[in-house]
Amino acid sequence: MKRCKWVNDDNPLYVAYHDKEWGVPSYDDKYLYEMLFLESFQAGLSWECILNKRENFKDAFDNFNYHEIANYDDKKINTLLNNKGIIRNKLKIKAAINNAKIFMDIQKEYDTFSNYIWHFTNNNVIINKDDIFKTTSELSDTISNDLKKRKMKFVGSTIIYSYLQAIGVINDHELSCDMYNKKSD
């Protein structure tokens with residue numbers, strides 16, 4: 001199988017993520033929060049590092065239950081800061097709590113977070129038709145700015161672009177990748 005060049009074929013987690021998740025349109029709020037959470041923890045790190053710690057994050061953060069995360073207190077934050085299986089960055093942990101609250105505010109406003117995120121493209125997948133490496137776009141700028149206005153943290157345009165790729169709003173598989181051809185048929 002031909003995959004995007006960035007995939008580490010020696011890491012089964014990475015291969016499975018590329019082949020089964022990355023770029024697949026998602027409308028499930030639980031998954032959308034999980035990916036937003038993981039992307040925010042990626043800031044300054046590699047995606048592979050985050051992916052390798054995904055199960056640890058899942059265990060440490062109540063299965064990415066944003067209702068639970070929104071209510072974390074100082075005791076829970078300290079427990080997380082001592083968890084060697086996750087990224088122990090206090091700013092990112094506090095951002096996850098903050099972002100969970102705002103995520104739920106957006107759900108109240110749009111009925112679902114999915115409605116919110118997909119309304120920016122009128123529910124259409126953007127299919128890139130070239131192999132030009134991008135880290136931001138007008139779309140990621142717009143969404144990033146809106147989330148920042150709502151006081152979300154670690155949601156810069158680069159993080160949001162990566163998020164949009166992950167959740168399938170943007171199909172950025174390389175043209176030679178079998179997944180690009182599969183998704184764009």
# chains A, B, ... in the order shown; residues from 1 in each chain; ligands from 1
call {"tool": "select_by_dssp", "arguments": {"residues": "segment 59-148 of chain A", "states": "alpha helix (DSSP H)", "output": "VMD selection string"}}
result
chain A and resid 59 to 60 66 to 69 74 to 81 90 to 110 113 to 119 138 to 148
call {"tool": "closest_residue", "arguments": {"among": "A:Ala16, A:Ile106, A:Ile170, A:Met179", "to": "Cys4 of chain A", "atoms": "only C-alpha atoms"}}
result
A:Met179
call {"tool": "residues_around", "arguments": {"residues": "segment 19-28 of chain A", "least_positions_apart": "2", "cutoff": "12 Å", "atoms": "only C-alpha atoms", "output": "PyMOL selection string"}}
result
chain A and resi 1-4+7-9+12-17+30-35+47+51+107+112-119+123-128+161-174+177-184
call {"tool": "select_by_dssp", "arguments": {"residues": "chain A", "states": "strand (DSSP E)", "output": "ChimeraX atom specification"}}
result
/A:126-127,170-171
call {"tool": "closest_residue", "arguments": {"among": "A:Leu80, A:Leu175, A:Leu45, A:Ile69", "to": "Lys129 of chain A", "atoms": "only C-alpha atoms"}}
result
A:Leu175
call {"tool": "residues_around", "arguments": {"residues": "Asn145 of chain A", "least_positions_apart": "4", "cutoff": "12 Å", "atoms": "only C-alpha atoms", "output": "ChimeraX atom specification"}}
result
/A:138-141,149-160
call {"tool": "write_last_selection", "arguments": {"atoms": "N, CA and C atoms", "output": "short mmCIF file (atom, residue, chain, number, x, y, z; two decimals), in the first residue's frame"}}
result
data_model
loop_
_atom_site.label_atom_id
_atom_site.label_comp_id
_atom_site.auth_asym_id
_atom_site.auth_seq_id
_atom_site.Cartn_x
_atom_site.Cartn_y
_atom_site.Cartn_z
N GLU A 138 -6.73 29.73 4.97
CA GLU A 138 -7.74 30.73 5.37
C GLU A 138 -8.75 30.11 6.32
N LEU A 139 -9.12 28.86 6.04
CA LEU A 139 -10.09 28.16 6.89
C LEU A 139 -9.53 27.97 8.31
N SER A 140 -8.30 27.50 8.43
CA SER A 140 -7.74 27.29 9.76
C SER A 140 -7.55 28.63 10.47
N ASP A 141 -7.22 29.68 9.73
CA ASP A 141 -7.11 31.02 10.33
C ASP A 141 -8.45 31.45 10.90
N LYS A 149 -11.34 33.79 20.15
CA LYS A 149 -12.32 34.77 20.66
C LYS A 149 -13.17 34.15 21.76
N ARG A 150 -13.40 32.87 21.64
CA ARG A 150 -14.19 32.15 22.65
C ARG A 150 -13.32 31.76 23.85
N LYS A 151 -12.04 32.07 23.79
CA LYS A 151 -11.06 31.88 24.87
C LYS A 151 -10.48 30.46 24.96
N MET A 152 -10.56 29.69 23.85
CA MET A 152 -9.85 28.41 23.83
C MET A 152 -8.35 28.70 23.77
N LYS A 153 -7.59 27.74 24.26
CA LYS A 153 -6.13 27.84 24.30
C LYS A 153 -5.50 26.74 23.44
N PHE A 154 -4.29 26.99 22.97
CA PHE A 154 -3.55 26.06 22.12
C PHE A 154 -4.37 25.71 20.87
N VAL A 155 -4.93 26.73 20.25
CA VAL A 155 -5.73 26.55 19.04
C VAL A 155 -5.27 27.52 17.95
N GLY A 156 -3.95 27.66 17.81
CA GLY A 156 -3.42 28.48 16.73
C GLY A 156 -3.76 27.88 15.38
N SER A 157 -3.54 28.64 14.33
CA SER A 157 -3.92 28.21 12.99
C SER A 157 -3.24 26.90 12.57
N THR A 158 -1.98 26.71 12.94
CA THR A 158 -1.28 25.47 12.58
C THR A 158 -1.91 24.27 13.28
N ILE A 159 -2.22 24.41 14.56
CA ILE A 159 -2.88 23.32 15.30
C ILE A 159 -4.26 23.03 14.69
N ILE A 160 -4.99 24.07 14.37
CA ILE A 160 -6.33 23.88 13.80
C ILE A 160 -6.25 23.26 12.41
#
call {"tool": "atom_distance", "arguments": {"atom1": "atom CA of Glu68 of chain A", "atom2": "atom CA of Ile143 of chain A"}}
result
25.0 Å
call {"tool": "closest_residue", "arguments": {"among": "A:Glu109, A:Asp59, A:Glu39, A:Asp131", "to": "Ala96 of chain A", "atoms": "only C-alpha atoms"}}
result
A:Glu39
call {"tool": "residues_around", "arguments": {"residues": "Tyr72 of chain A", "least_positions_apart": "2", "cutoff": "12 Å", "atoms": "only C-alpha atoms", "output": "list in words"}}
result
Ala60, Phe61, Asp62, Asn65, Tyr66, His67, Glu68, Ile69, Ala70, Asp74, Lys75, Lys76, Ile77, Asn78, Thr79, Leu80, Ile93, Lys94, Ala95, Ala96, Ile97, Asn98, Asn99, Ala100 and Lys101 of chain A
call {"tool": "closest_residue", "arguments": {"among": "A:Phe37, A:Thr142, A:Asp29, A:Leu91", "to": "Ile50 of chain A", "atoms": "only C-alpha atoms"}}
result
A:Phe37
call {"tool": "residues_around", "arguments": {"residues": "Ile86 of chain A", "least_positions_apart": "6", "cutoff": "7 Å", "atoms": "only C-alpha atoms", "output": "number ranges by chain"}}
result
A: 53, 56-57
call {"tool": "write_last_selection", "arguments": {"atoms": "C-alpha atoms", "output": "compact mmCIF listing (two decimals), in the first residue's frame"}}
result
# COMPACT_ATOMS: atom_id res chain seq x y z
CA LYS A 53 0.88 8.30 24.43
CA ASN A 56 -2.12 6.93 28.49
CA PHE A 57 -3.95 10.21 27.85
call {"tool": "atom_distance", "arguments": {"atom1": "atom CA of Gly44 of chain A", "atom2": "atom CA of Ile87 of chain A"}}
result
11.3 Å
call {"tool": "closest_residue", "arguments": {"among": "A:Asn89, A:Thr136, A:Asn122, A:Asn11", "to": "Cys49 of chain A", "atoms": "only C-alpha atoms"}}
result
A:Asn11
call {"tool": "closest_residue", "arguments": {"among": "A:Lys5, A:Lys108, A:Lys134, A:Lys92", "to": "Leu38 of chain A", "atoms": "only C-alpha atoms"}}
result
A:Lys92
